[in-house]
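Data file: upload_38.txt. Format and content: compact mmCIF, C-alpha atoms.
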# COMPACT_ATOMS: atom_id res chain seq x y z
CA MET A 765 12.09 -43.44 -95.89
CA GLY A 766 10.40 -44.34 -99.16
CA LYS A 767 7.32 -45.74 -97.45
CA VAL A 768 7.11 -42.83 -95.02
CA ALA A 769 7.31 -40.31 -97.86
CA CYS A 770 4.64 -42.11 -99.89
CA ALA A 771 2.25 -42.28 -96.93
CA ASN A 772 2.85 -38.61 -96.16
CA VAL A 773 2.14 -37.49 -99.74
CA LEU A 774 -1.11 -39.44 -99.93
CA SER A 775 -2.41 -38.19 -96.56
CA ASP A 776 -3.36 -34.77 -97.91
CA LEU A 777 -5.90 -36.43 -100.19
CA TYR A 778 -7.05 -38.94 -97.59
CA ALA A 779 -7.75 -36.05 -95.21
CA MET A 780 -10.38 -34.86 -97.69
CA GLY A 781 -11.94 -38.30 -97.88
CA VAL A 782 -10.42 -39.11 -101.28
CA ARG A 783 -10.21 -42.89 -101.49
CA GLU A 784 -8.93 -43.41 -105.04
CA VAL A 785 -5.81 -41.58 -106.18
CA ASP A 786 -5.26 -41.34 -109.93
CA ASN A 787 -1.62 -40.34 -110.24
CA MET A 788 1.60 -39.89 -108.26
CA LEU A 789 4.90 -38.24 -109.11
CA MET A 790 7.96 -38.95 -106.99
CA ILE A 791 10.62 -36.34 -106.26
CA MET A 792 14.03 -37.36 -104.94
CA GLY A 793 17.09 -35.32 -104.01
CA VAL A 794 20.13 -37.57 -103.63
CA ALA A 795 22.69 -36.28 -101.12
CA ARG A 796 25.95 -35.23 -102.80
CA GLU A 797 27.99 -36.57 -99.89
CA LEU A 798 26.97 -40.16 -100.67
CA SER A 799 29.54 -42.15 -102.61
CA ASN A 800 28.53 -44.00 -105.75
CA ALA A 801 28.65 -47.26 -103.82
CA GLN A 802 26.35 -45.87 -101.13
CA ARG A 803 23.91 -44.51 -103.73
CA LYS A 804 23.67 -47.94 -105.35
CA VAL A 805 22.42 -49.32 -102.02
CA VAL A 806 20.37 -46.46 -100.60
CA VAL A 807 18.52 -45.15 -103.66
CA PRO A 808 17.04 -48.49 -104.84
CA LEU A 809 15.81 -49.27 -101.30
CA ILE A 810 14.04 -45.90 -101.01
CA LEU A 811 12.50 -46.31 -104.46
CA GLU A 812 11.34 -49.80 -103.54
CA GLY A 813 9.69 -48.58 -100.34
CA PHE A 814 7.90 -45.76 -102.14
CA ARG A 815 6.65 -48.13 -104.86
CA ASP A 816 5.59 -50.81 -102.38
CA LEU A 817 3.32 -48.47 -100.42
CA ALA A 818 1.97 -46.89 -103.60
CA ASN A 819 1.02 -50.40 -104.75
CA GLU A 820 -0.67 -51.03 -101.39
CA ALA A 821 -2.67 -47.84 -101.92
CA GLY A 822 -3.57 -48.85 -105.47
CA VAL A 823 -1.77 -45.85 -106.94
CA THR A 824 0.36 -45.68 -110.08
CA ILE A 825 3.61 -43.68 -110.07
CA ASN A 826 3.81 -42.07 -113.50
CA GLY A 827 6.97 -40.00 -113.31
CA GLY A 828 8.91 -37.55 -111.20
CA GLN A 829 12.33 -36.02 -110.92
CA THR A 830 15.67 -36.94 -109.34
CA VAL A 831 18.39 -34.37 -108.65
CA LEU A 832 21.56 -34.04 -106.61
CA ASN A 833 21.03 -32.12 -103.39
CA PRO A 834 23.09 -31.09 -100.34
CA TRP A 835 20.99 -33.48 -98.24
CA PHE A 836 18.67 -36.37 -99.01
CA ILE A 837 15.01 -35.55 -99.69
CA ILE A 838 12.12 -37.71 -100.82
CA GLY A 839 8.58 -36.62 -101.56
CA GLY A 840 6.07 -36.30 -104.32
CA VAL A 841 2.73 -35.12 -105.63
CA ALA A 842 -0.57 -37.00 -105.69
CA THR A 843 -3.67 -36.04 -107.66
CA SER A 844 -7.19 -37.33 -108.13
CA VAL A 845 -10.13 -36.25 -110.28
CA CYS A 846 -13.25 -36.54 -108.13
CA LYS A 847 -16.99 -36.03 -108.19
CA ASP A 848 -18.45 -33.92 -105.40
CA SER A 849 -19.63 -37.10 -103.67
CA GLU A 850 -16.12 -38.56 -103.64
CA PHE A 851 -14.48 -36.05 -101.32
CA ILE A 852 -15.40 -34.26 -98.10
CA PHE A 853 -14.78 -30.52 -98.05
CA PRO A 854 -13.30 -29.78 -94.61
CA ASP A 855 -15.50 -26.91 -93.46
CA LYS A 856 -18.63 -28.38 -91.86
CA ALA A 857 -17.73 -28.99 -88.20
CA ILE A 858 -20.54 -27.94 -85.83
CA PRO A 859 -20.94 -27.66 -82.06
CA GLY A 860 -21.53 -31.10 -80.58
CA ASP A 861 -19.19 -32.94 -82.92
CA LYS A 862 -16.56 -35.24 -81.47
CA ILE A 863 -12.91 -35.14 -82.55
CA VAL A 864 -11.07 -38.36 -83.39
CA LEU A 865 -7.32 -38.89 -83.95
CA THR A 866 -6.18 -41.96 -85.87
CA LYS A 867 -2.47 -42.22 -84.97
CA PRO A 868 -0.47 -41.56 -81.78
CA LEU A 869 1.75 -38.50 -81.44
CA GLY A 870 5.50 -38.41 -80.93
CA THR A 871 7.25 -39.27 -84.20
CA GLN A 872 9.69 -36.36 -83.85
CA VAL A 873 10.59 -37.45 -80.33
CA ALA A 874 11.10 -41.04 -81.44
CA VAL A 875 13.38 -40.18 -84.35
CA ASN A 876 15.45 -37.66 -82.40
CA LEU A 877 15.98 -39.97 -79.43
CA HIS A 878 17.13 -42.70 -81.82
CA GLN A 879 19.57 -40.34 -83.54
CA TRP A 880 20.92 -39.07 -80.23
CA MET A 881 21.47 -42.62 -79.01
CA ASN A 882 23.21 -43.78 -82.20
CA LYS A 883 25.51 -40.75 -82.30
CA ASN A 884 26.02 -40.60 -78.51
CA THR A 885 25.35 -36.85 -78.50
CA ASP A 886 25.26 -34.44 -75.57
CA SER A 887 21.48 -34.65 -75.71
CA TRP A 888 21.69 -38.43 -75.26
CA ASN A 889 23.83 -37.94 -72.15
CA ILE A 890 20.81 -36.22 -70.64
CA ALA A 891 18.18 -38.55 -72.07
CA LYS A 892 19.86 -41.86 -71.19
CA ASP A 893 19.08 -41.33 -67.50
CA ILE A 894 15.38 -41.01 -68.42
CA ILE A 895 14.84 -43.74 -71.02
CA SER A 896 16.67 -46.99 -71.76
CA GLU A 897 18.16 -47.95 -75.12
CA ALA A 898 15.60 -50.75 -75.43
CA GLU A 899 12.74 -48.26 -74.86
CA VAL A 900 14.20 -45.90 -77.47
CA ILE A 901 14.40 -48.71 -80.03
CA LYS A 902 10.83 -49.83 -79.26
CA GLY A 903 9.54 -46.26 -79.56
CA TYR A 904 11.40 -45.78 -82.82
CA ASN A 905 10.01 -49.02 -84.24
CA ASP A 906 6.50 -48.00 -83.18
CA ALA A 907 6.97 -44.64 -84.91
CA VAL A 908 8.10 -46.38 -88.11
CA ILE A 909 4.98 -48.57 -88.05
CA SER A 910 2.83 -45.47 -87.60
CA MET A 911 4.58 -43.38 -90.26
CA THR A 912 4.39 -46.15 -92.87
CA THR A 913 0.69 -46.83 -92.28
CA LEU A 914 -1.66 -45.34 -94.86
CA ASN A 915 -4.58 -43.18 -93.76
CA LEU A 916 -6.70 -44.82 -96.46
CA GLN A 917 -8.97 -46.76 -94.07
CA ALA A 918 -9.70 -43.58 -92.13
CA ALA A 919 -10.62 -41.84 -95.40
CA LYS A 920 -13.06 -44.62 -96.25
CA LEU A 921 -14.65 -44.49 -92.79
CA MET A 922 -15.05 -40.71 -93.03
CA HIS A 923 -17.67 -41.35 -95.69
CA LYS A 924 -19.33 -44.21 -93.84
CA HIS A 925 -19.73 -42.20 -90.65
CA GLY A 926 -20.48 -38.77 -92.11
CA ALA A 927 -17.37 -36.80 -91.18
CA HIS A 928 -17.78 -33.03 -91.20
CA ALA A 929 -14.11 -32.00 -91.52
CA ALA A 930 -10.60 -33.41 -91.23
CA THR A 931 -6.92 -32.65 -91.59
CA ASP A 932 -3.77 -34.72 -91.42
CA VAL A 933 -1.35 -34.02 -88.57
CA THR A 934 2.17 -33.36 -89.83
CA GLY A 935 4.79 -30.63 -89.56
CA PHE A 936 2.84 -28.04 -87.53
CA GLY A 937 1.87 -30.56 -84.84
CA ILE A 938 -1.64 -31.37 -83.71
CA LEU A 939 -2.28 -27.85 -82.41
CA GLY A 940 -1.03 -26.09 -85.52
CA HIS A 941 -3.03 -28.22 -87.93
CA SER A 942 -6.18 -28.21 -85.81
CA ARG A 943 -6.04 -24.41 -85.58
CA ASN A 944 -5.77 -24.18 -89.36
CA LEU A 945 -8.79 -26.46 -89.66
CA ALA A 946 -10.77 -24.49 -87.07
CA GLU A 947 -10.15 -21.23 -88.94
CA PHE A 948 -11.56 -22.82 -92.09
CA GLN A 949 -14.93 -23.77 -90.61
CA LYS A 950 -18.13 -22.05 -91.72
CA ALA A 951 -19.65 -22.25 -88.24
CA LYS A 952 -18.24 -20.30 -85.27
CA VAL A 953 -16.60 -23.22 -83.47
CA ASP A 954 -13.61 -24.07 -81.31
CA PHE A 955 -11.82 -27.40 -80.96
CA ASN A 956 -11.22 -28.47 -77.36
CA ILE A 957 -8.62 -31.25 -77.19
CA HIS A 958 -8.81 -33.12 -73.88
CA THR A 959 -6.83 -36.29 -74.68
CA LEU A 960 -3.41 -36.89 -76.26
CA PRO A 961 -2.48 -40.41 -77.43
CA VAL A 962 1.34 -40.66 -77.51
CA PHE A 963 3.91 -43.37 -78.02
CA ASN A 964 4.43 -45.30 -74.81
CA GLY A 965 6.43 -43.38 -72.19
CA PHE A 966 7.17 -40.34 -74.33
CA ALA A 967 5.00 -37.98 -72.27
CA ASN A 968 7.16 -38.61 -69.22
CA VAL A 969 10.37 -38.47 -71.27
CA THR A 970 9.57 -35.07 -72.75
CA ARG A 971 8.56 -33.63 -69.36
CA THR A 972 11.72 -34.88 -67.66
CA LEU A 973 14.00 -33.72 -70.48
CA VAL A 974 12.82 -30.15 -69.89
CA GLU A 975 13.31 -30.48 -66.13
CA LYS A 976 16.90 -31.63 -66.72
CA GLY A 977 17.71 -28.82 -69.12
CA GLY A 978 17.32 -30.86 -72.29
CA ARG A 979 15.36 -30.17 -75.45
CA ASN A 980 11.74 -29.10 -75.16
CA PHE A 981 9.84 -30.94 -77.90
CA ARG A 982 6.54 -29.36 -76.74
CA LEU A 983 4.84 -32.68 -77.41
CA LEU A 984 2.18 -32.15 -74.76
CA GLN A 985 1.69 -28.56 -75.88
CA GLY A 986 0.74 -29.85 -79.34
CA THR A 987 3.45 -28.17 -81.42
CA SER A 988 5.91 -31.05 -81.80
CA SER A 989 6.24 -31.81 -85.51
CA GLU A 990 4.82 -35.08 -86.77
CA THR A 991 5.74 -36.98 -89.92
CA SER A 992 3.03 -38.95 -91.71
CA GLY A 993 0.72 -38.51 -88.74
CA GLY A 994 -2.90 -39.53 -88.39
CA LEU A 995 -6.12 -37.84 -89.39
CA PHE A 996 -7.81 -35.35 -87.05
CA VAL A 997 -11.49 -35.90 -87.83
CA CYS A 998 -14.64 -34.04 -86.73
CA LEU A 999 -17.57 -36.44 -86.60
CA PRO A 1000 -21.19 -36.31 -85.44
CA GLU A 1001 -21.40 -37.39 -81.81
CA VAL A 1002 -23.56 -40.39 -82.74
CA SER A 1003 -20.90 -41.66 -85.18
CA ALA A 1004 -17.60 -41.10 -83.36
CA GLU A 1005 -17.53 -44.28 -81.29
CA ALA A 1006 -18.50 -46.38 -84.30
CA PHE A 1007 -15.70 -44.77 -86.33
CA VAL A 1008 -13.19 -45.64 -83.60
CA ARG A 1009 -14.52 -49.19 -83.37
CA ASP A 1010 -14.33 -49.72 -87.12
CA MET A 1011 -10.77 -48.37 -87.24
CA ARG A 1012 -9.65 -50.75 -84.50
CA GLU A 1013 -11.46 -53.74 -85.98
CA SER A 1014 -9.66 -53.11 -89.27
CA GLY A 1015 -6.29 -53.21 -87.48
CA GLY A 1016 -5.84 -49.46 -87.09
CA THR A 1017 -5.82 -47.07 -84.16
CA ALA A 1018 -8.21 -44.27 -83.19
CA TRP A 1019 -9.27 -42.34 -80.10
CA ILE A 1020 -11.87 -39.69 -79.29
CA ILE A 1021 -9.66 -36.80 -78.22
CA GLY A 1022 -11.88 -33.73 -78.05
CA ASP A 1023 -15.08 -31.80 -78.64
CA VAL A 1024 -16.28 -29.18 -81.08
CA ILE A 1025 -17.95 -26.31 -79.19
CA GLU A 1026 -19.25 -22.85 -80.00
CA GLY A 1027 -16.36 -20.42 -80.26
CA ASN A 1028 -14.19 -18.19 -82.40
CA ASN A 1029 -12.55 -20.65 -84.80
CA THR A 1030 -9.49 -21.70 -82.88
CA SER A 1031 -8.16 -24.86 -81.24
CA ARG A 1032 -6.74 -25.46 -77.79
CA ILE A 1033 -5.38 -28.28 -75.67
CA MET A 1034 -7.09 -28.31 -72.30
CA GLU A 1035 -5.03 -27.90 -69.16
CA SER A 1036 -3.68 -31.28 -67.94
CA PRO A 1037 -4.97 -33.37 -70.86
CA THR A 1038 -5.49 -37.10 -70.43
CA ILE A 1039 -2.45 -38.97 -71.76
CA ILE A 1040 -2.95 -42.34 -73.46
CA ASP A 1041 0.26 -44.35 -73.87
CA HIS A 1042 0.26 -46.46 -77.02
CA SER A 1043 2.59 -49.20 -78.18
CA TYR A 1044 2.21 -51.46 -81.21
CA SER A 1045 2.45 -55.10 -80.13

Show how you would write the structure in this file as structure tokens.
Amino acid sequence: MGKVACANVLSDLYAMGVREVDNMLMIMGVARELSNAQRKVVVPLILEGFRDLANEAGVTINGGQTVLNPWFIIGGVATSVCKDSEFIFPDKAIPGDKIVLTKPLGTQVAVNLHQWMNKNTDSWNIAKDIISEAEVIKGYNDAVISMTTLNLQAAKLMHKHGAHAATDVTGFGILGHSRNLAEFQKAKVDFNIHTLPVFNGFANVTRTLVEKGGRNFRLLQGTSSETSGGLFVCLPEVSAEAFVRDMRESGGTAWIIGDVIEGNNTSRIMESPTIIDHSYS
């Protein structure tokens, strides 16, 4: 949880191409229902995870606040003082740009399936006929890898390849965040999303859950919440493939998932998008 929270906090800056973060504050709400013995185990581990990823990012944590809360929360604030050349204002997408996504979708599905399985809920009684326990564990582990991966390399490559605009994909899902980004563009453009990279097998799982009367995550409709998701980047057509190649050569993930076209500043997922199943080896 500590690493996921740290990566999520930093992503807002990385989405603007900020590569060096000057300061972080950590905010923690410790659940009242935890016993003192449980707090002595849980809290230090979360703090350690947050610090470890901040160190990986080259960021110093200089304070924060800890309170008691009805449920556990972990988050923070990150700031950086930048020159104009050190960040990319996200408003310059133009027709002809390609859209790249740097992490697969499906973190909400992965976490919920894992919870259902562990608690043997009514939802799991539906899902267990669709996906095996081993597949749930693999998908959950893949989601943890994704959520604890910094978007720092993508931020660096945004400068190298001349990105025109970007956002991180988190709580509003890929469609919600891409619509917000589209509305912010100076040019009259639309984002057409034709490809959805998802954690291996989750496209079929989410479809079948709905057919069997289970929860509709709306993963393929683009509104499933993501936690510490990837960057949604608008790049010149001549640069997009090189951006993807550089991301993969550095150990990351990236796919060209759409096109920027003339329009009315909105975003849409095309009918029957191409699904790319992804699993971390």

Could you tell me which of A:Leu960, A:Leu832, A:Leu774, A:Ile852 comes closest to A:Leu916 if we count only C-alpha atoms? A:Leu774

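The spacing separating atom CA of A:Val807 from atom CA of A:Gly937 amounts to 29.1 Å.
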
Quick one: distance from atom CA of A:Asp1010 to atom CA of A:Met788 in Å, one decimal? 28.2 Å

Could you pull the residues within 9 Å of A:Phe1007, counting all atoms listed in the file, minus those fewer than 2 positions along the same chain, as a PyMOL selection string? chain A and resi 864+918+921-922+924-925+999+1003-1005+1009-1012+1018

Taking all atoms listed in the file into account, name the residue in A:Asn964, A:Gln917, A:Phe836, A:Ile863 that is nearest to A:Glu899. A:Asn964

Write out as JSON lines a residue-level contact list of stretch 829-893 of chain A versus stretch 1037-1043 of chain A with cut-off 10 Å: for each qualifying residue the closest pair of atoms and the distance in Å to one decimal, counting all atoms listed in the file, rows sorted by chain and residue number upward.
{"residue": "A:Lys867", "atom": "CA", "partner": "A:His1042", "partner_atom": "CA", "distance": 9.4}
{"residue": "A:Pro868", "atom": "CA", "partner": "A:His1042", "partner_atom": "CA", "distance": 6.9}
{"residue": "A:Leu869", "atom": "CA", "partner": "A:His1042", "partner_atom": "CA", "distance": 9.2}

Looking at only C-alpha atoms, which of A:Phe936, A:Trp835, A:Trp888, A:Tyr1044 is the one that sits closest to A:Val962? A:Tyr1044

Residues within 8 Å of A:Phe853, please, as a PyMOL selection string. Count all atoms listed in the file; anything in the same chain fewer than 5 positions from it doesn't count. chain A and resi 780+928-929

Compile the contact shell of A:Asn876 as a JSON list (two decimals) with C-alpha atoms, in the frame of the given file: residues with an atom at most 10 Å away, counting all atoms listed in the file, same-chain residues fewer than 4 positions apart removed.
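Listed below is the output, around22.json:
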[["chain", "number", "residue", "atom", "x", "y", "z"],
["A", 871, "THR", "CA", 7.25, -39.27, -84.20],
["A", 872, "GLN", "CA", 9.69, -36.36, -83.85],
["A", 880, "TRP", "CA", 20.92, -39.07, -80.23],
["A", 881, "MET", "CA", 21.47, -42.62, -79.01],
["A", 882, "ASN", "CA", 23.21, -43.78, -82.20],
["A", 887, "SER", "CA", 21.48, -34.65, -75.71],
["A", 888, "TRP", "CA", 21.69, -38.43, -75.26],
["A", 900, "VAL", "CA", 14.20, -45.90, -77.47],
["A", 904, "TYR", "CA", 11.40, -45.78, -82.82],
["A", 981, "PHE", "CA", 9.84, -30.94, -77.90]]

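As for atom CA of A:Thr972 and atom CA of A:Val908, they are spaced 23.7 Å apart.
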
List the neighbours of A:Gln949 out to 10 Å using only C-alpha atoms; skip same-chain residues closer than 4 positions along the sequence, and give me the result as a count of residues only. 14

Nearest to A:Asp1023 by atom-to-atom distance, counting only C-alpha atoms, from A:Gln829, A:Thr987, A:Asn956, A:Asn968: A:Asn956

Please identify all polymer residues within 7 Å of A:Val831, counting only C-alpha atoms, omitting same-chain residues fewer than 3 positions from it, and present them as number ranges by chain. A: 792-794

Test item: axis-aligned box, all listed atoms of stretch 958-971 of chain A, 5 Å on each side, centre and edges in Å rounded to one decimal, as AutoDock Vina command-line options:
--center_x 0.8 --center_y -39.2 --center_z -73.6 --size_x 29.2 --size_y 22.2 --size_z 18.8

For A:Asn915, which residue out of A:Gly781, A:Gly977, A:Pro808, A:Gly940 is the nearest one, using only C-alpha atoms? A:Gly781

Could you add whatever atoms are missing so that stretch 802-828 of chain A carries N, CA and C atoms, then write the result as a CSV table (one decimal), keeping the file's coordinate frame?
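Writing done, so here's out33.csv:
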chain,number,residue,atom,x,y,z
A,802,GLN,N,27.5,-46.1,-102.1
A,802,GLN,CA,26.4,-45.9,-101.1
A,802,GLN,C,25.0,-45.6,-101.9
A,803,ARG,N,25.1,-44.8,-102.9
A,803,ARG,CA,23.9,-44.5,-103.7
A,803,ARG,C,23.3,-45.8,-104.3
A,804,LYS,N,24.2,-46.7,-104.7
A,804,LYS,CA,23.7,-47.9,-105.4
A,804,LYS,C,22.9,-48.8,-104.3
A,805,VAL,N,23.1,-48.6,-103.1
A,805,VAL,CA,22.4,-49.3,-102.0
A,805,VAL,C,21.2,-48.5,-101.6
A,806,VAL,N,21.4,-47.3,-101.2
A,806,VAL,CA,20.4,-46.5,-100.6
A,806,VAL,C,19.2,-46.1,-101.6
A,807,VAL,N,19.6,-45.6,-102.7
A,807,VAL,CA,18.5,-45.2,-103.7
A,807,VAL,C,17.5,-46.2,-104.1
A,808,PRO,N,18.0,-47.4,-104.5
A,808,PRO,CA,17.0,-48.5,-104.8
A,808,PRO,C,16.1,-48.9,-103.7
A,809,LEU,N,16.6,-48.9,-102.4
A,809,LEU,CA,15.8,-49.3,-101.3
A,809,LEU,C,14.7,-48.2,-101.1
A,810,ILE,N,15.0,-46.9,-101.2
A,810,ILE,CA,14.0,-45.9,-101.0
A,810,ILE,C,13.0,-46.0,-102.1
A,811,LEU,N,13.4,-46.2,-103.3
A,811,LEU,CA,12.5,-46.3,-104.5
A,811,LEU,C,11.6,-47.5,-104.3
A,812,GLU,N,12.1,-48.6,-103.8
A,812,GLU,CA,11.3,-49.8,-103.5
A,812,GLU,C,10.3,-49.6,-102.5
A,813,GLY,N,10.7,-48.9,-101.4
A,813,GLY,CA,9.7,-48.6,-100.3
A,813,GLY,C,8.6,-47.7,-100.8
A,814,PHE,N,8.9,-46.7,-101.6
A,814,PHE,CA,7.9,-45.8,-102.1
A,814,PHE,C,6.9,-46.5,-103.0
A,815,ARG,N,7.5,-47.4,-103.9
A,815,ARG,CA,6.6,-48.1,-104.9
A,815,ARG,C,5.8,-49.1,-104.1
A,816,ASP,N,6.3,-49.8,-103.1
A,816,ASP,CA,5.6,-50.8,-102.4
A,816,ASP,C,4.3,-50.2,-101.7
A,817,LEU,N,4.5,-49.1,-101.1
A,817,LEU,CA,3.3,-48.5,-100.4
A,817,LEU,C,2.3,-47.9,-101.4
A,818,ALA,N,2.9,-47.4,-102.5
A,818,ALA,CA,2.0,-46.9,-103.6
A,818,ALA,C,1.1,-48.1,-104.1
A,819,ASN,N,1.8,-49.2,-104.3
A,819,ASN,CA,1.0,-50.4,-104.8
A,819,ASN,C,0.0,-50.8,-103.7
A,820,GLU,N,0.3,-50.7,-102.4
A,820,GLU,CA,-0.7,-51.0,-101.4
A,820,GLU,C,-1.9,-50.1,-101.5
A,821,ALA,N,-1.6,-48.8,-101.8
A,821,ALA,CA,-2.7,-47.8,-101.9
A,821,ALA,C,-3.4,-47.9,-103.2
A,822,GLY,N,-2.9,-48.7,-104.2
A,822,GLY,CA,-3.6,-48.8,-105.5
A,822,GLY,C,-3.3,-47.7,-106.4
A,823,VAL,N,-2.1,-47.1,-106.2
A,823,VAL,CA,-1.8,-45.8,-106.9
A,823,VAL,C,-0.6,-46.1,-107.9
A,824,THR,N,-0.7,-45.5,-109.1
A,824,THR,CA,0.4,-45.7,-110.1
A,824,THR,C,1.3,-44.5,-110.0
A,825,ILE,N,2.6,-44.7,-110.0
A,825,ILE,CA,3.6,-43.7,-110.1
A,825,ILE,C,4.0,-43.5,-111.5
A,826,ASN,N,3.7,-42.3,-112.1
A,826,ASN,CA,3.8,-42.1,-113.5
A,826,ASN,C,4.9,-41.1,-113.9
A,827,GLY,N,5.9,-40.9,-113.0
A,827,GLY,CA,7.0,-40.0,-113.3
A,827,GLY,C,7.5,-39.3,-112.1
A,828,GLY,N,8.3,-38.3,-112.3
A,828,GLY,CA,8.9,-37.6,-111.2
A,828,GLY,C,10.2,-36.9,-111.6
